[in-house]
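Here is the structure we will look at, set down as C-alpha cells.
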Amino acid sequence: MTDTAKPQNPNVRVRFAPSPTGYLHVGGARTALFNWLFARKEQGTMILRVEDTDVERNKPELVQGIIDGLTWLGVDWDEGPFYQSQRTELYQAAGKALLASGNAFLCYCPAERYAGGDHAEEGAGPAQVRRVVRCSCRGGQPSSPDTKPAVRFKVPVGGTTKFYDAVFGEREFSNDEIEDFVLLRSGKEGEDFGQAMYQLSVVVDDIDMRITHVIRGADHISNTPKQVLLYRALGKEPPIFAHVPLILGPDKSRLSKRHGATDVNMYRTEGFLPEAFRNFLSLLGWSPGGDDEFLRTSELLKRFSLEGVSRTNGVFDRAKLEWFNTQYLQKLPIEDLLPEVEKELKRSGLWKEAWASGEGHAWFSKAVDLLRPRIRLLPDFSTWSRAFFSDDFETDAAAKAKFWKDEKVPTLLSQLADALAALPEWNHDACDHAARKVAEDGGVKAGLLINATRVAIVGQAVAPPLFDTMVVLGQERVVRRLRDAVPNVGK
RNA sequence: GCCGCUAUGGUGCAACGGUUAGCACGCGGCCCUUUCAAGGCCGAAAUACGGGUUCGAUUCCCGUUAGCGGUACCA
C-alpha cells in the first residue's frame with residue numbers, strides 16, 4: 001500500500017448472506033449489489049456468508065451458482081465465503097449462554113403444535129392469542145423422559161423494542177407482538193440441542209464478524225426486533241439496519257418464476273452485459289438524486305448512498321433492462337466491449353485466434369464497432385451477424401423472398417460482382433459508385449440493388465449500411481459471395 | 001385474523017410546504033434513411049380516496065382502500 005492509498009475504514013463491515021436453497025435471484029443480487037456498493041464506497045469490508053443452517057432444504061451444489069452470479073455481476077468480497085453449517089459450536093454456545101443468563105428457556109412442546117394454526121384459536125381475544133403465541137410452557141417440564149427440548153428466547157413481557165433503519169428511519173415494535181421464537185431446534189439422539197435457527201445464527205455471526213450495517217431485504221423488517229432483543233441479551237449493541245424494498249413482478253406480486261427469468265445466471269446466458277445489468281439493478285429501489293440514469297460502475301460508486309434507497313417495492317421492468325443493454329452495447333468504449341464479444345464467439349465456436357492481436361484485432365474491433373448499434377444481446381453477434389465472422393452462414397429465405405422479387409436481381413448481382421472485382425481501390429465510396437452505376441445501367445433504383453446485395457453477402461435482411469459492410473468484409477469475400485449467390489448467371 | 005410497511009403517468013425514479021408536478025423506459029406521431037436499429041423533434045399519460053393542519057399541500061396528521069411483508073423447531 002502506498003502513502004496515497006486511502007486506508008480502509010475499519011468501521012464499515014457489511015455482509016451478503018444468501019441461503020443455498022435456490023439460485024441467485026434478482027432480489028438477492030440487488031441486495032448483494034447494494035452491500036457491495038456501500039462497502040466499496042465507504043472503503044469498508046464486504047463479507048460473503050452462506051446461511052445453510054437448514055440441512056433439509058439446503059443444497060450445497062447451489063453455492064457455486066450463487067458465487068458465479070455474483071462474480072459475473074462484478075460483486076466481490078474481502079472475507080469468506082463462511083458457512084454457517086461449519087460454525088455450529090458458536091451458536092450452541094450462544095444458545096446455552098442465553099439459557100444460563102435466563103434469557104431463554106427449554107420448551108418441550110411438540111413441534112407440530114406450532115406448525116399448525118392453533119396460535120390463533122377461533123374466538124380468542126388479542127391477549128389470549130398473544131399468550132398462545134408466546135410459548136405457554138415457559139419453564140415447562142418434559143411430557144416423557146425422552147422428550148428433547150428446543151431452546152426458545154424469552155421475549156420480555158410488555159415494553160417496546162426500537163431500532164434505527166437507514167432507509168425506514170426509527171422503528172418501534174411492541175414486545176407483546178413477538179412470539180417466543182426458537183433459538184435451537186430440539187436435538188436428535190445423542191445431542192443436547194439441534195441446529196440453530198436463523199435468528200440466532202445471524203445475530204451470533206453478525207456480532208462475531210463485527211458487522212456494522214445490515215443491508216438486506218425489507219422482508220426482514222419484522223425479524224429485526226427479535227434480533228435486536230438478542231443483541232441486547234448477548235450484551236451487544238445492534239448494528240445499523242438498512243432494509244431495501246422488495247422487487248415485484250409486473251402484476252405487483254412478489255417476483256417469481258412465472259414472471260420470467262429470476263435467476264441472475266439466466267441473464268448472463270441470454271447475453272446481457274454485466275455492467276448493463278448492474279446499472280439497471282442499481283436503479284431499482286435506489287436513486288442517485290438527479291436525472292442521470294446511465295451510470296458506469298465508477299459513477300455508481302461515487303453516488304451510492306443508503307439515504308437514496310427508496311421505501312417502495314419496485315417492479316422489475318425487462319424492457320428497461322433491455323434498453324440499458326443496448327445503451328451499453330453502443331456506448332461502451334470498444335475495448336471494454338471486445339472481451340464480451342470474444343467470449344460470445346468462443347461460445348458459439350466462431351472465434352479465431354487471429355483476432356486476438358495485431359491487424360486481426362484491428363479488423364475485429366472495426367467489425368464489432370460496425371455491428372454494435374444493431375445488437376440487442378450478445379448472442380446476436382453469432383446469429384444474425386454470423387456472416388461477418390464466418391463464411392459458413394445460411395441465407396434467410398424470408399429475406400430473399402422479400403428483396404429478390406425483381407427478376408433482374410440475379411443479373412444485376414452478377415454485374416455488380418464483376419464491377420466490384422475490377423475495383424482498384426476498396427473503400428466505401430468506390431463500392432457506392434460501382435453499385436449505383438450497375439443499378440443505373442440496369443434501369444433500377446439503387447435501393448433495390450442495395451437490398452438484394454445485402455441479402456447476398458450477409459444472408460440477412462438486417463445488417464449495417466451496405467458499403468460499410470463491404471469494406472469490413474473485404475473485396476475478395478464480397479465478390480465471392482455475390483458469385484456464389486447467383487451461380488448460374490454470367491458464367 | 002393480528003402486527004407492520006408502502007402509496008406521484010403503464011414502469012423506474014425527481015420534486016423533501018409555494019414548480020406550468022421534472023427525467024428515463026415503454027407507447028403514438030414526425031424527421032433522417034439503403035434493410036433494421038440508433039439518433040433528433042413532438043405528443044398522450046400521474047400526485048389512490050376522504051377528512052384535517054396551514055395563507056398555501058404531492059409533501060405534515062388521521063381514517064378508508066389497495067398492494068406487499070411478517071405472523072415456522074424456513075431463511
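Every chain in the C-alpha cells has a letter given in the order shown (A, B, ...), and although residue numbers restart at 1 in each chain, ligands are simply numbered from 1 in the order shown.
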
Hey, list the chain A side of the contact with chain B: 6 Å cut-off, only C-alpha atoms (C1' of nucleotides), answer as a list in words. Ala111, Arg185, Asp219, Ser222, Asp291, Thr312, Lys320, Pro373, Arg374, Gly447, Ala461 and Val462 of chain A

Generate a file of the selected residues that holds C-alpha atoms, formatted as a PDB file, in the first residue's frame.
```
ATOM      1  CA  ALA A 111     -43.001 -29.222  17.151  1.00  0.00           C
ATOM      2  CA  ARG A 185     -34.063 -26.803  17.468  1.00  0.00           C
ATOM      3  CA  ASP A 219     -38.967  -8.889   4.255  1.00  0.00           C
ATOM      4  CA  SER A 222     -40.346  -7.780  11.258  1.00  0.00           C
ATOM      5  CA  ASP A 291     -31.817  12.731 -13.687  1.00  0.00           C
ATOM      6  CA  THR A 312     -41.436   1.362  -2.021  1.00  0.00           C
ATOM      7  CA  LYS A 320     -35.880  -1.106 -19.417  1.00  0.00           C
ATOM      8  CA  PRO A 373     -25.749  -0.358 -32.850  1.00  0.00           C
ATOM      9  CA  ARG A 374     -27.963  -3.160 -34.084  1.00  0.00           C
ATOM     10  CA  GLY A 447     -32.187   0.739 -53.211  1.00  0.00           C
ATOM     11  CA  ALA A 461     -32.353  -8.589 -44.329  1.00  0.00           C
ATOM     12  CA  VAL A 462     -30.865  -6.692 -41.419  1.00  0.00           C
TER      13      VAL A 462
END
```

Residues of range 71-107 of chain A in strand (DSSP E), written as a PyMOL selection string: chain A and resi 79-83+104-107

As a PyMOL selection string, which residues of range 168-234 of chain A does DSSP assign to helix (DSSP H, G or I)? chain A and resi 175-177+198-208+218-233

Take the residues from that selection and write them out as an mmCIF file, in the first residue's frame, keeping C-alpha atoms.
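Output file result.cif follows:
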```cif
data_model
loop_
_atom_site.group_PDB
_atom_site.id
_atom_site.type_symbol
_atom_site.label_atom_id
_atom_site.label_comp_id
_atom_site.auth_asym_id
_atom_site.auth_seq_id
_atom_site.Cartn_x
_atom_site.Cartn_y
_atom_site.Cartn_z
ATOM 1 C CA ASN A 175 -42.765 -6.777 22.527
ATOM 2 C CA ASP A 176 -46.154 -8.326 23.084
ATOM 3 C CA GLU A 177 -46.440 -8.929 19.349
ATOM 4 C CA TYR A 198 -31.919 -18.260 11.593
ATOM 5 C CA GLN A 199 -32.435 -15.536 14.214
ATOM 6 C CA LEU A 200 -29.719 -16.884 16.469
ATOM 7 C CA SER A 201 -27.142 -17.700 13.813
ATOM 8 C CA VAL A 202 -27.414 -14.321 12.077
ATOM 9 C CA VAL A 203 -27.024 -12.386 15.265
ATOM 10 C CA VAL A 204 -24.159 -14.508 16.547
ATOM 11 C CA ASP A 205 -22.372 -14.211 13.202
ATOM 12 C CA ASP A 206 -23.051 -10.533 12.771
ATOM 13 C CA ILE A 207 -21.569 -9.972 16.216
ATOM 14 C CA ASP A 208 -18.640 -12.287 15.578
ATOM 15 C CA ALA A 218 -37.429 -5.497 3.598
ATOM 16 C CA ASP A 219 -38.967 -8.889 4.255
ATOM 17 C CA HIS A 220 -36.702 -8.937 7.313
ATOM 18 C CA ILE A 221 -38.114 -5.827 8.930
ATOM 19 C CA SER A 222 -40.346 -7.780 11.258
ATOM 20 C CA ASN A 223 -37.473 -10.086 12.219
ATOM 21 C CA THR A 224 -35.397 -7.141 13.260
ATOM 22 C CA PRO A 225 -36.891 -6.513 16.718
ATOM 23 C CA LYS A 226 -36.240 -10.173 17.576
ATOM 24 C CA GLN A 227 -32.649 -9.764 16.566
ATOM 25 C CA VAL A 228 -32.277 -6.510 18.453
ATOM 26 C CA LEU A 229 -33.575 -8.274 21.548
ATOM 27 C CA LEU A 230 -30.931 -10.943 21.004
ATOM 28 C CA TYR A 231 -28.149 -8.397 20.669
ATOM 29 C CA ARG A 232 -29.142 -6.887 23.994
ATOM 30 C CA ALA A 233 -29.459 -10.242 25.700
#
```

Can you tell me, as a short mmCIF file (atom, residue, chain, number, x, y, z; two decimals) with C-alpha atoms, in the first residue's frame, what residues are no more than 8 Å from range 453-456 of chain A when counting only C-alpha atoms (C1' of nucleotides), ignoring any on the same chain fewer than 5 positions away?
```cif
data_model
loop_
_atom_site.label_atom_id
_atom_site.label_comp_id
_atom_site.auth_asym_id
_atom_site.auth_seq_id
_atom_site.Cartn_x
_atom_site.Cartn_y
_atom_site.Cartn_z
CA THR A 395 -29.23 -17.20 -46.26
CA ASP A 396 -32.53 -16.27 -44.70
CA ALA A 399 -35.12 -12.01 -46.68
CA LYS A 400 -34.52 -13.48 -50.09
CA PHE A 403 -35.62 -8.47 -51.61
CA LEU A 413 -25.78 -9.13 -58.76
CA ALA A 461 -32.35 -8.59 -44.33
CA ALA A 463 -27.29 -5.53 -41.37
CA LEU A 466 -24.15 -1.92 -47.11
CA ARG A 481 -20.34 -14.30 -52.04
CA LEU A 482 -22.05 -12.40 -54.84
CA ALA A 485 -25.34 -16.28 -54.64
#
```

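Interatomic distance, CA of Val50 in chain A against CA of Val63 in chain A: 7.9 Å.
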
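Relative to CA of Ser19 in chain A, CA of Pro149 in chain A is found at 26.0 Å.
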
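Residues with any atom within 12 Å of Gly249 in chain A, counting only C-alpha atoms (C1' of nucleotides) and excluding same-chain neighbours fewer than 2 positions away, are Val26, Gly27, Leu246, Ile247, Asp251, Lys252, Ser253, Arg254, Leu255, Ser256, Lys257, Arg258, His259, Gly260, Ala261, Thr262, Asn313, Gly314, Val315, Phe316, Asp317 and Arg318 of chain A; U11 and C68 of chain B.
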
Quick one: write out the picked residues with N, CA and C atoms (P, O5', C5', C4', C3', O3' and C1' of nucleotides) as a short mmCIF file (atom, residue, chain, number, x, y, z; two decimals), in the first residue's frame?
```cif
data_model
loop_
_atom_site.label_atom_id
_atom_site.label_comp_id
_atom_site.auth_asym_id
_atom_site.auth_seq_id
_atom_site.Cartn_x
_atom_site.Cartn_y
_atom_site.Cartn_z
N VAL A 26 -32.85 -12.33 -8.69
CA VAL A 26 -32.69 -10.91 -8.93
C VAL A 26 -32.69 -10.08 -7.65
N GLY A 27 -33.59 -10.41 -6.75
CA GLY A 27 -33.66 -9.66 -5.49
C GLY A 27 -32.40 -9.82 -4.66
N LEU A 246 -38.61 -4.59 -1.73
CA LEU A 246 -38.65 -5.83 -2.50
C LEU A 246 -38.85 -5.58 -4.00
N ILE A 247 -38.50 -6.57 -4.78
CA ILE A 247 -38.70 -6.49 -6.22
C ILE A 247 -39.92 -7.32 -6.61
N ASP A 251 -47.26 -7.77 -12.23
CA ASP A 251 -48.59 -7.75 -11.62
C ASP A 251 -48.52 -7.34 -10.15
N LYS A 252 -47.35 -6.83 -9.74
CA LYS A 252 -47.14 -6.31 -8.39
C LYS A 252 -47.10 -7.39 -7.31
N SER A 253 -47.06 -8.61 -7.73
CA SER A 253 -46.88 -9.65 -6.71
C SER A 253 -45.39 -9.93 -6.68
N ARG A 254 -44.95 -10.59 -5.64
CA ARG A 254 -43.53 -10.81 -5.49
C ARG A 254 -42.94 -11.52 -6.71
N LEU A 255 -41.82 -11.03 -7.17
CA LEU A 255 -41.21 -11.57 -8.38
C LEU A 255 -40.95 -13.07 -8.24
N SER A 256 -41.45 -13.83 -9.21
CA SER A 256 -41.22 -15.27 -9.18
C SER A 256 -41.08 -15.81 -10.60
N LYS A 257 -40.80 -17.08 -10.66
CA LYS A 257 -40.56 -17.74 -11.95
C LYS A 257 -41.61 -17.45 -13.00
N ARG A 258 -42.85 -17.38 -12.53
CA ARG A 258 -43.90 -17.20 -13.53
C ARG A 258 -43.85 -15.83 -14.21
N HIS A 259 -43.06 -14.92 -13.68
CA HIS A 259 -42.89 -13.62 -14.32
C HIS A 259 -41.78 -13.64 -15.34
N GLY A 260 -41.11 -14.79 -15.50
CA GLY A 260 -39.96 -14.84 -16.40
C GLY A 260 -38.73 -15.21 -15.61
N ALA A 261 -37.58 -14.90 -16.18
CA ALA A 261 -36.33 -15.29 -15.53
C ALA A 261 -36.11 -14.51 -14.24
N THR A 262 -35.82 -15.23 -13.16
CA THR A 262 -35.47 -14.56 -11.92
C THR A 262 -34.06 -14.97 -11.48
N ASN A 313 -41.68 -0.88 -2.86
CA ASN A 313 -41.36 -2.04 -3.68
C ASN A 313 -41.42 -1.66 -5.14
N GLY A 314 -40.54 -2.24 -5.93
CA GLY A 314 -40.48 -1.86 -7.34
C GLY A 314 -40.70 -3.02 -8.28
N VAL A 315 -41.24 -2.70 -9.45
CA VAL A 315 -41.49 -3.72 -10.46
C VAL A 315 -40.27 -3.89 -11.35
N PHE A 316 -39.92 -5.13 -11.58
CA PHE A 316 -38.80 -5.46 -12.46
C PHE A 316 -39.26 -5.26 -13.90
N ASP A 317 -38.69 -4.29 -14.59
CA ASP A 317 -39.13 -3.94 -15.94
C ASP A 317 -38.10 -4.41 -16.97
N ARG A 318 -38.42 -5.52 -17.58
CA ARG A 318 -37.47 -6.12 -18.51
C ARG A 318 -37.18 -5.21 -19.71
P U B 11 -47.75 1.33 -12.87
"O5'" U B 11 -46.29 1.03 -13.43
"C5'" U B 11 -45.83 -0.32 -13.57
"C4'" U B 11 -44.37 -0.31 -13.94
"C3'" U B 11 -43.48 0.53 -13.05
"O3'" U B 11 -43.12 -0.14 -11.87
"C1'" U B 11 -43.00 1.05 -15.28
P C B 68 -50.16 -8.62 -3.13
"O5'" C B 68 -48.84 -8.26 -2.31
"C5'" C B 68 -47.62 -7.99 -3.00
"C4'" C B 68 -46.62 -7.42 -2.04
"C3'" C B 68 -46.29 -8.30 -0.83
"O3'" C B 68 -45.37 -9.33 -1.16
"C1'" C B 68 -46.63 -6.09 -0.11
#
```

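Comparing A:Met266, A:Ala150, A:Ala97, A:Leu370 by their smallest distance to Gly69 in chain A, the closest is A:Met266 (using only C-alpha atoms).
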
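Using only C-alpha atoms (C1' of nucleotides), the smallest distance between any of B:A57, B:G9, B:A21, B:C31 and A45 in chain B comes from B:G9.
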
Quick one: residues within 9 Å of Leu33 in chain A, only C-alpha atoms (C1' of nucleotides), excluding same-chain residues fewer than 4 positions away - as a PyMOL selection string? chain A and resi 16+28-29+37-38+70+73-75+278+281-282

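Among B:G17, B:C27, B:G39, B:U65, the residue with the shortest atom-to-atom distance to U53 in chain B, counting only C-alpha atoms (C1' of nucleotides), is B:G17.
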
Find the residues around Val55 in chain A up to 10 Å (only C-alpha atoms (C1' of nucleotides) counted), leave out those fewer than 2 positions away in its own chain, and share them as an MDAnalysis selection string. chainID A and resid 21 52:53 57:60 85 195

For the residues in that selection, give me C-alpha atoms as a CSV table (one decimal), in the first residue's frame.
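Final file, selection_27.csv:
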```csv
chain,number,residue,atom,x,y,z
A,21,THR,CA,-32.0,-23.2,-1.2
A,52,ASP,CA,-27.1,-23.1,5.4
A,53,THR,CA,-28.4,-24.0,8.8
A,57,ARG,CA,-33.7,-27.6,2.4
A,58,ASN,CA,-30.1,-26.6,1.8
A,59,LYS,CA,-28.4,-27.7,-1.4
A,60,PRO,CA,-24.7,-27.3,-1.2
A,85,SER,CA,-23.0,-25.1,8.9
A,195,GLN,CA,-29.2,-26.9,14.7
```

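A straight line drawn from CA of Phe241 in chain A to C1' of U8 in chain B is 27.0 Å long.
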
Got a sec: who's within 8 Å of Gly65 in chain A, counting only C-alpha atoms (C1' of nucleotides), leaving out chain neighbours fewer than 4 positions off, as a PDB file with N, CA and C atoms, in the first residue's frame?
```
ATOM      1  N   TYR A  23     -31.197 -20.669  -6.635  1.00  0.00           N
ATOM      2  CA  TYR A  23     -30.155 -19.938  -7.348  1.00  0.00           C
ATOM      3  C   TYR A  23     -30.096 -18.494  -6.856  1.00  0.00           C
ATOM      4  N   LEU A  24     -29.174 -17.721  -7.382  1.00  0.00           N
ATOM      5  CA  LEU A  24     -29.096 -16.299  -7.035  1.00  0.00           C
ATOM      6  C   LEU A  24     -30.187 -15.582  -7.810  1.00  0.00           C
ATOM      7  N   GLU A  61     -24.722 -27.790  -3.632  1.00  0.00           N
ATOM      8  CA  GLU A  61     -24.271 -27.607  -5.016  1.00  0.00           C
ATOM      9  C   GLU A  61     -24.727 -26.273  -5.597  1.00  0.00           C
ATOM     10  N   GLY A  69     -22.852 -16.126 -10.149  1.00  0.00           N
ATOM     11  CA  GLY A  69     -23.707 -14.981 -10.427  1.00  0.00           C
ATOM     12  C   GLY A  69     -23.112 -13.693  -9.884  1.00  0.00           C
ATOM     13  N   ASN A 265     -28.171 -15.874 -13.355  1.00  0.00           N
ATOM     14  CA  ASN A 265     -27.358 -16.555 -14.367  1.00  0.00           C
ATOM     15  C   ASN A 265     -28.080 -16.727 -15.699  1.00  0.00           C
TER      16      ASN A 265
END
```

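Nearest residue to G18 in chain B among B:C55, B:C32, B:C60, B:A44 is B:C55, counting only C-alpha atoms (C1' of nucleotides).
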